[in-house]
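J.: Could you have a look at this structure, given as structure tokens, before my questions?
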Amino acid sequence: MPGSRAMASVLTALVAALVVMAGPVSPALAEGYNTGRTAPSMLVFDASGSMRAEDVDGRSRMDVAKKAVSGLVPMLPDDATVGLMTYGNSDPQTASSQEAGCQDVKLLVEADGLDRERLLQEIDGVQPSGYTPIGLSLRKATEALPEAEMRSIVLVSDGIDECGGPPPCEVAGELAQQHPEMRIHTIGFKAEQAARDELACIAEATGGTFADATDAETLRDELLVKMTRAIQGYSSAGSPITGGTSLEEAVDLVPGSYLDVLEHGSPAIDDGEGHSRYYRLQIAPGEIAHVAATMVLPGGDGATNKLAQLQLRTFAPDGTDCRIGNVDARAEADLGDGPITAAIATPRMAETENISCFGADADGTVIVQVERTGNPSETEAIPVEVQFFAEQQVDAAGLPPTVQWPRQIDPLPIPTDGEQLQPAFSFASAVQAGSGPLRGTIIPGEVHFFRVPVQYGQQVRTALALGEFEPPPGMDLTLHATLISPLRADVYTMVSPDGDADPGGHSAAAKPGLQVQLNQATAVQFKNREQGGTEARSSYLAGNYYLQLTMVPSRYDGDRLFEVPYTIDIDAVGEVAAGPELNGQGAASAEDRTAADPGQAPGPSDGGGSDGGGEGPSDIEDGPPEQSGSGLSLPPVAWALIAGTAGGIAVAVVAIAAVTLVRRSR
């Protein structure tokens, strides 16, 4: 039935809201706090008499909601902490008295882990009959939630508070001052204007989000997006590892994707007072080591006098500087532009005489330093993803020639509509694109990620259009789109039909109706990196390419909490060509790597640093099956760097649990 499908979509979004992804790791908390990636959440459900209304395709609002919840509770992640509270779920005697009914807030399931059976049992027993004490329910829900680094309340209501006392928006404001770590997200269904205003005010007061719908279709679409806002913490992915804190304590690293922690920043960049991790690589003759480090800091608050920096350096075991490094820095006001990534590609081992670390006499050992400096979130520990992709030497004879110059290709048509998308906020959870137009909304300050598989011989095309919106007075918005390679390097792109090639993507003032057609500057060919033109060198490896879409506000305050609708289409076109099938493990066998147990970082007894590890070769995914008549198949290449791209969130939950208990103080 349409109404049932609509409410199922609503509560799918609600499930997402209940498993709030906490942002970057915060300082350690006392025992008993939730320190995982899911934040404890309380669903506050309106069970007032108005929920009996049979105006959702002939069924009552409550019946449709019950059925949807019953089907979706099994989908909650095992480590979720979810409670259930209702108001108006009254016996006849209580429902007949406004005084009694306005005190009738029931905690049906405590927010103490996840009790699926109890949630199903209690939601099934809810009977709408009483009043709407919204303000009281918010206070009680806050009291019932365990303390945590981030907490959430999800309020579903179809009406306005009718119990007197302080207005619910004032209550929300008080709670926001007392509990700045808490967000209240509100959902209004079939609500009149006064109720919509009240629910929107509650959400805004706490930095939460509000969704409004007057019919099943709108409800489905709006809430599918709105409630996923609660998961917008960056989903770091990788196997837990703890790098050394000095060159001498470097931890062995085999190819794979890892998750570590940089415990603090520093007063200024390049002051030598930041935090570093050290990893030891063993590179076989002829191999190139690709290393990328990605760090996500909390969004800027508009400050312009703070700068964060992430730097990679390479050293020989004796401390000699290998002269291969990379730096990425970001001003705090621009941290909303997305993650900070530094990436390097070493020269081929034993074949680069002018750099001693990679000459004929080198033993293949290289130590990589990942250093964080700068004062944004200076005292907070921040997760860092570290990827090591080993590229063996291959015979390129017979492969297609290099690309020397950018080539503008036919643009994608500007989409006017598309399939509703749930936004993704990291490489690990990026939305799969390439199958047709998508439709969504972006809140200023958010960063959305899309991924599209690209084979040799192909180029990425993107077409984007903004819908209608009205920014607050005095707020300017900038749309920024960047194409990123499987190795997390920026890729040259061109705006169709006559834009110049630029590795920094495309920026434009975000206005209603803005249209952008952005194309990869060259086709992907394996020979591009070493022999291609400047614009082609980052487009040499087949695999998952990423589009990072950002809406940057001129100021970071409560006024930016509104949605900008957009439609987007992304594909890869061109005749598929031949190319090597690289798996990221390189030419060296597991025995040739320095790790005592391949995939595991050695402990102190092995001569390494702190305990840690990674999955190594077992993390590498196979690529898609070979296509008939298409030359070589899409190789299982660098998408394997991001361990579990499709299931990155699940990986992140495990990984973050191992790294959040870092020894540090507020």
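Convention: chains lettered A, B, ... in structure tokens order; per-chain residue numbering from 1; ligands numbered from 1 as shown.
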List as number ranges by chain the protein and nucleic acid residues near Pro317 (chain A), meaning an atom at most 8 Å away when only C-alpha atoms are counted, but skip any in the same chain fewer than 4 places from it.

T.: A: 247-248, 365-367

J.: Which polymer residues have any atom within 6 Å of an atom of region 541-549 of chain A, counting only C-alpha atoms, with same-chain residues fewer than 4 positions away left out, as a count of residues only?

T.: 20

J.: Using only C-alpha atoms, determine which residues lie at most 10 Å from Glu170 (chain A), disregarding the query and same-chain residues fewer than 2 positions distant; provide the list as a list of chain:residue names.

T.: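 Surrounding residues, per the criterion: A:Gly135, A:Pro166, A:Pro167, A:Pro168, A:Ala172, A:Gly173, A:Glu174, A:Leu175, A:Ala176, A:Cys201, A:Ile202, A:Ala205.
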
J.: Could you write those residues out with N, CA, C and O atoms, as a PDB file, in the first residue's frame?

T.:
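Contents of part-v3.pdb, freshly written:
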```pdb
ATOM      1  N   GLY A 135       7.287  19.543  25.431  1.00  0.00           N
ATOM      2  CA  GLY A 135       8.360  20.082  26.264  1.00  0.00           C
ATOM      3  C   GLY A 135       8.784  19.118  27.348  1.00  0.00           C
ATOM      4  O   GLY A 135       9.982  18.881  27.568  1.00  0.00           O
ATOM      5  N   PRO A 166       6.472  26.270  29.705  1.00  0.00           N
ATOM      6  CA  PRO A 166       7.396  26.921  28.770  1.00  0.00           C
ATOM      7  C   PRO A 166       7.227  26.342  27.372  1.00  0.00           C
ATOM      8  O   PRO A 166       7.064  25.134  27.206  1.00  0.00           O
ATOM      9  N   PRO A 167       7.262  27.179  26.331  1.00  0.00           N
ATOM     10  CA  PRO A 167       7.164  26.664  24.969  1.00  0.00           C
ATOM     11  C   PRO A 167       8.276  25.641  24.701  1.00  0.00           C
ATOM     12  O   PRO A 167       9.407  25.801  25.181  1.00  0.00           O
ATOM     13  N   PRO A 168       7.983  24.579  23.956  1.00  0.00           N
ATOM     14  CA  PRO A 168       9.001  23.557  23.687  1.00  0.00           C
ATOM     15  C   PRO A 168      10.283  24.114  23.082  1.00  0.00           C
ATOM     16  O   PRO A 168      11.364  23.591  23.335  1.00  0.00           O
ATOM     17  N   ALA A 172      13.976  23.458  24.458  1.00  0.00           N
ATOM     18  CA  ALA A 172      15.080  22.983  23.632  1.00  0.00           C
ATOM     19  C   ALA A 172      16.298  23.889  23.769  1.00  0.00           C
ATOM     20  O   ALA A 172      17.440  23.411  23.825  1.00  0.00           O
ATOM     21  N   GLY A 173      16.067  25.200  23.816  1.00  0.00           N
ATOM     22  CA  GLY A 173      17.175  26.123  23.993  1.00  0.00           C
ATOM     23  C   GLY A 173      17.894  25.913  25.315  1.00  0.00           C
ATOM     24  O   GLY A 173      19.129  25.958  25.384  1.00  0.00           O
ATOM     25  N   GLU A 174      17.134  25.694  26.395  1.00  0.00           N
ATOM     26  CA  GLU A 174      17.737  25.414  27.696  1.00  0.00           C
ATOM     27  C   GLU A 174      18.545  24.126  27.648  1.00  0.00           C
ATOM     28  O   GLU A 174      19.668  24.056  28.176  1.00  0.00           O
ATOM     29  N   LEU A 175      17.978  23.098  27.024  1.00  0.00           N
ATOM     30  CA  LEU A 175      18.683  21.818  26.933  1.00  0.00           C
ATOM     31  C   LEU A 175      19.968  21.953  26.115  1.00  0.00           C
ATOM     32  O   LEU A 175      20.980  21.328  26.427  1.00  0.00           O
ATOM     33  N   ALA A 176      19.923  22.786  25.078  1.00  0.00           N
ATOM     34  CA  ALA A 176      21.116  22.987  24.253  1.00  0.00           C
ATOM     35  C   ALA A 176      22.227  23.642  25.054  1.00  0.00           C
ATOM     36  O   ALA A 176      23.417  23.319  24.868  1.00  0.00           O
ATOM     37  N   CYS A 201      11.635  25.082  15.206  1.00  0.00           N
ATOM     38  CA  CYS A 201      12.335  25.869  16.219  1.00  0.00           C
ATOM     39  C   CYS A 201      13.091  24.961  17.190  1.00  0.00           C
ATOM     40  O   CYS A 201      14.222  25.253  17.583  1.00  0.00           O
ATOM     41  N   ILE A 202      12.475  23.846  17.567  1.00  0.00           N
ATOM     42  CA  ILE A 202      13.136  22.887  18.460  1.00  0.00           C
ATOM     43  C   ILE A 202      14.432  22.377  17.835  1.00  0.00           C
ATOM     44  O   ILE A 202      15.487  22.333  18.478  1.00  0.00           O
ATOM     45  N   ALA A 205      17.208  25.085  17.562  1.00  0.00           N
ATOM     46  CA  ALA A 205      17.786  25.472  18.848  1.00  0.00           C
ATOM     47  C   ALA A 205      18.912  24.546  19.273  1.00  0.00           C
ATOM     48  O   ALA A 205      19.791  24.942  20.049  1.00  0.00           O
TER      49      ALA A 205
END
```

J.: Which is closer to Glu110 (chain A) than all the others in A:Ser90, A:Thr346, A:Ser246, A:Ser41, using only C-alpha atoms?

T.: A:Ser41

J.: Choose the residue, out of A:Glu380, A:Thr314, A:Ile269, A:Val291, that has the smallest atom-to-atom separation from Ala342 (chain A); count only C-alpha atoms.

T.: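 That would be A:Val291, the residue with the smallest distance to Ala342 (chain A).
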
J.: If I take CA of Ala381 (chain A) and CA of Gly207 (chain A), how far is one from the other in Å, to one decimal?

T.: 23.1 Å

J.: Between A:Ala433, A:Ala191, A:Met295, A:Ala523, which has the minimum distance to Ala53 (chain A) (counting only C-alpha atoms)?

T.: A:Ala191

J.: Could you tell me how far CA of Asp63 (chain A) lies from CA of Asp197 (chain A), in Å and to one decimal?

T.: 25.7 Å

J.: Can you list, as a PyMOL selection string, all residues belonging to region 328-381 of chain A that DSSP tags as helix (DSSP H, G or I)?

T.: chain A and resi 332-337+356-358

J.: For the residues selected in the previous step, produce a file with all heavy atoms as an mmCIF file, in the first residue's frame.

T.:
```cif
data_model
loop_
_atom_site.group_PDB
_atom_site.id
_atom_site.type_symbol
_atom_site.label_atom_id
_atom_site.label_comp_id
_atom_site.auth_asym_id
_atom_site.auth_seq_id
_atom_site.Cartn_x
_atom_site.Cartn_y
_atom_site.Cartn_z
ATOM 1 N N GLU A 332 40.834 27.037 9.117
ATOM 2 C CA GLU A 332 39.663 26.552 9.850
ATOM 3 C C GLU A 332 38.363 26.968 9.183
ATOM 4 O O GLU A 332 37.407 26.201 9.153
ATOM 5 C CB GLU A 332 39.681 27.036 11.293
ATOM 6 C CG GLU A 332 38.484 26.521 12.083
ATOM 7 C CD GLU A 332 38.655 26.630 13.571
ATOM 8 O OE1 GLU A 332 39.712 27.087 14.029
ATOM 9 O OE2 GLU A 332 37.719 26.251 14.286
ATOM 10 N N ALA A 333 38.315 28.151 8.640
ATOM 11 C CA ALA A 333 37.081 28.594 8.000
ATOM 12 C C ALA A 333 36.731 27.733 6.800
ATOM 13 O O ALA A 333 35.591 27.714 6.359
ATOM 14 C CB ALA A 333 37.212 30.047 7.556
ATOM 15 N N ASP A 334 37.705 26.994 6.280
ATOM 16 C CA ASP A 334 37.485 26.171 5.095
ATOM 17 C C ASP A 334 37.499 24.681 5.395
ATOM 18 O O ASP A 334 37.527 23.867 4.481
ATOM 19 C CB ASP A 334 38.554 26.468 4.038
ATOM 20 C CG ASP A 334 38.516 27.913 3.577
ATOM 21 O OD1 ASP A 334 37.405 28.459 3.519
ATOM 22 O OD2 ASP A 334 39.582 28.472 3.303
ATOM 23 N N LEU A 335 37.507 24.298 6.674
ATOM 24 C CA LEU A 335 37.570 22.873 6.983
ATOM 25 C C LEU A 335 36.340 22.149 6.464
ATOM 26 O O LEU A 335 36.364 20.948 6.232
ATOM 27 C CB LEU A 335 37.708 22.654 8.489
ATOM 28 C CG LEU A 335 39.065 23.069 9.077
ATOM 29 C CD1 LEU A 335 39.093 22.822 10.577
ATOM 30 C CD2 LEU A 335 40.204 22.337 8.411
ATOM 31 N N GLY A 336 35.259 22.883 6.267
ATOM 32 C CA GLY A 336 34.060 22.286 5.699
ATOM 33 C C GLY A 336 34.233 21.859 4.260
ATOM 34 O O GLY A 336 33.349 21.229 3.689
ATOM 35 N N ASP A 337 35.380 22.214 3.647
ATOM 36 C CA ASP A 337 35.632 21.782 2.277
ATOM 37 C C ASP A 337 35.833 20.282 2.175
ATOM 38 O O ASP A 337 35.841 19.736 1.078
ATOM 39 C CB ASP A 337 36.884 22.476 1.720
ATOM 40 C CG ASP A 337 36.622 23.936 1.399
ATOM 41 O OD1 ASP A 337 35.470 24.353 1.505
ATOM 42 O OD2 ASP A 337 37.574 24.640 1.045
ATOM 43 N N SER A 356 69.030 8.548 -2.892
ATOM 44 C CA SER A 356 69.699 7.380 -2.312
ATOM 45 C C SER A 356 68.739 6.332 -1.777
ATOM 46 O O SER A 356 69.016 5.132 -1.838
ATOM 47 C CB SER A 356 70.651 7.825 -1.199
ATOM 48 O OG SER A 356 69.938 8.495 -0.170
ATOM 49 N N CYS A 357 67.590 6.775 -1.253
ATOM 50 C CA CYS A 357 66.641 5.809 -0.690
ATOM 51 C C CYS A 357 66.128 4.824 -1.734
ATOM 52 O O CYS A 357 65.623 3.747 -1.381
ATOM 53 C CB CYS A 357 65.451 6.542 -0.089
ATOM 54 S SG CYS A 357 65.839 7.580 1.323
ATOM 55 N N PHE A 358 66.205 5.197 -3.027
ATOM 56 C CA PHE A 358 65.594 4.388 -4.072
ATOM 57 C C PHE A 358 66.609 3.957 -5.138
ATOM 58 O O PHE A 358 66.237 3.544 -6.226
ATOM 59 C CB PHE A 358 64.446 5.166 -4.718
ATOM 60 C CG PHE A 358 63.433 5.656 -3.717
ATOM 61 C CD1 PHE A 358 63.490 6.958 -3.223
ATOM 62 C CD2 PHE A 358 62.458 4.816 -3.227
ATOM 63 C CE1 PHE A 358 62.585 7.410 -2.286
ATOM 64 C CE2 PHE A 358 61.543 5.249 -2.287
ATOM 65 C CZ PHE A 358 61.600 6.560 -1.800
#
```

J.: Using DSSP on the backbone coordinates, identify all residues within region 214-399 of chain A classified as strand (DSSP E or B); present the result as number ranges by chain.

T.: A: 239-240, 244, 251-252, 256-262, 275-282, 288-295, 307-315, 321-331, 340-345, 365-374, 382-391

J.: Which distance in Å separates CA of Gln193 (chain A) and CA of Pro512 (chain A), to one decimal?

T.: 25.4 Å

J.: Can you list, as a ChimeraX atom specification, every protein, DNA or RNA residue that comes within 9 Å of region 495-502 of chain A when you count only C-alpha atoms, leaving out same-chain residues fewer than 2 positions away?

T.: /A:406,408-411,491-493,504-506,516-521,535

J.: Restrict the calculation to only C-alpha atoms, then for each residue of region 416-493 of chain A with any atom at most 6 Å from an atom of region 570-579 of chain A give the closest atom pair and their distance in Å to one decimal, rows by chain and rising residue number, as CSV.

T.:
```
residue,atom,partner,partner_atom,distance
A:Ala433,CA,A:Ile570,CA,5.9
A:Gly434,CA,A:Asp571,CA,4.4
A:Val454,CA,A:Ala572,CA,5.9
A:Tyr456,CA,A:Ala577,CA,5.1
A:Gly457,CA,A:Ala577,CA,4.8
A:Gln458,CA,A:Gly574,CA,4.4
A:Gln459,CA,A:Ala572,CA,5.2
A:Val460,CA,A:Ala572,CA,4.3
A:Arg461,CA,A:Asp571,CA,5.5
A:Thr462,CA,A:Ile570,CA,4.5
```

J.: Selection from above, C-alpha atoms, as a compact mmCIF listing (two decimals), in the first residue's frame, can you write it?

T.:
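For reference, out_28.txt as written:
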```txt
# COMPACT_ATOMS: atom_id res chain seq x y z
CA ALA A 433 26.92 6.59 -9.13
CA GLY A 434 26.90 5.73 -12.81
CA VAL A 454 36.25 3.84 -14.32
CA TYR A 456 41.08 2.12 -18.79
CA GLY A 457 40.17 4.27 -21.78
CA GLN A 458 37.28 6.00 -19.98
CA GLN A 459 36.66 9.53 -18.67
CA VAL A 460 34.33 10.71 -15.93
CA ARG A 461 31.50 13.13 -16.72
CA THR A 462 29.41 15.00 -14.17
```

J.: Can you tell me, as a PDB file with N, CA and C atoms, in the first residue's frame, what residues are no more than 10 Å from Arg330 (chain A) when counting only C-alpha atoms, ignoring any on the same chain fewer than 5 positions away?

T.:
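Everything below was put into selection_11.pdb:
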```pdb
ATOM      1  N   LEU A 297      38.895  16.941  10.366  1.00  0.00           N
ATOM      2  CA  LEU A 297      38.710  17.780  11.543  1.00  0.00           C
ATOM      3  C   LEU A 297      37.283  18.313  11.565  1.00  0.00           C
ATOM      4  N   GLY A 300      34.906  24.171  10.297  1.00  0.00           N
ATOM      5  CA  GLY A 300      35.363  25.468  10.786  1.00  0.00           C
ATOM      6  C   GLY A 300      34.216  26.300  11.329  1.00  0.00           C
ATOM      7  N   LYS A 306      43.383  30.264  12.116  1.00  0.00           N
ATOM      8  CA  LYS A 306      43.786  28.917  12.505  1.00  0.00           C
ATOM      9  C   LYS A 306      44.050  28.093  11.250  1.00  0.00           C
ATOM     10  N   LEU A 307      45.084  27.270  11.321  1.00  0.00           N
ATOM     11  CA  LEU A 307      45.476  26.493  10.155  1.00  0.00           C
ATOM     12  C   LEU A 307      45.846  25.084  10.587  1.00  0.00           C
ATOM     13  N   ALA A 308      45.270  24.097   9.917  1.00  0.00           N
ATOM     14  CA  ALA A 308      45.591  22.694  10.165  1.00  0.00           C
ATOM     15  C   ALA A 308      46.452  22.180   9.024  1.00  0.00           C
ATOM     16  N   GLN A 309      47.364  21.283   9.343  1.00  0.00           N
ATOM     17  CA  GLN A 309      48.247  20.742   8.313  1.00  0.00           C
ATOM     18  C   GLN A 309      48.481  19.256   8.543  1.00  0.00           C
ATOM     19  N   LEU A 310      48.480  18.513   7.461  1.00  0.00           N
ATOM     20  CA  LEU A 310      48.827  17.099   7.469  1.00  0.00           C
ATOM     21  C   LEU A 310      49.985  16.925   6.501  1.00  0.00           C
ATOM     22  N   LEU A 335      37.507  24.298   6.674  1.00  0.00           N
ATOM     23  CA  LEU A 335      37.570  22.873   6.983  1.00  0.00           C
ATOM     24  C   LEU A 335      36.340  22.149   6.464  1.00  0.00           C
ATOM     25  N   GLY A 336      35.259  22.883   6.267  1.00  0.00           N
ATOM     26  CA  GLY A 336      34.060  22.286   5.699  1.00  0.00           C
ATOM     27  C   GLY A 336      34.233  21.859   4.260  1.00  0.00           C
ATOM     28  N   ASP A 337      35.380  22.214   3.647  1.00  0.00           N
ATOM     29  CA  ASP A 337      35.632  21.782   2.277  1.00  0.00           C
ATOM     30  C   ASP A 337      35.833  20.282   2.175  1.00  0.00           C
ATOM     31  N   GLY A 338      36.037  19.598   3.283  1.00  0.00           N
ATOM     32  CA  GLY A 338      36.208  18.153   3.228  1.00  0.00           C
ATOM     33  C   GLY A 338      37.465  17.698   3.928  1.00  0.00           C
ATOM     34  N   PRO A 339      37.796  16.418   3.780  1.00  0.00           N
ATOM     35  CA  PRO A 339      38.949  15.861   4.481  1.00  0.00           C
ATOM     36  C   PRO A 339      40.256  16.457   3.987  1.00  0.00           C
ATOM     37  N   ILE A 340      41.256  16.405   4.842  1.00  0.00           N
ATOM     38  CA  ILE A 340      42.610  16.830   4.503  1.00  0.00           C
ATOM     39  C   ILE A 340      43.399  15.580   4.148  1.00  0.00           C
ATOM     40  N   GLY A 374      49.181  22.315  13.674  1.00  0.00           N
ATOM     41  CA  GLY A 374      48.170  23.348  13.543  1.00  0.00           C
ATOM     42  C   GLY A 374      47.213  23.369  14.707  1.00  0.00           C
ATOM     43  N   PRO A 376      43.569  24.171  14.857  1.00  0.00           N
ATOM     44  CA  PRO A 376      42.158  23.772  14.931  1.00  0.00           C
ATOM     45  C   PRO A 376      42.008  22.453  15.704  1.00  0.00           C
TER      46      PRO A 376
END
```

J.: Which residues, written as a count of residues only, have at least one atom at most 8 Å from region 271-280 of chain A, with only C-alpha atoms counted and residues fewer than 4 positions away on the same chain left out?

T.: 27
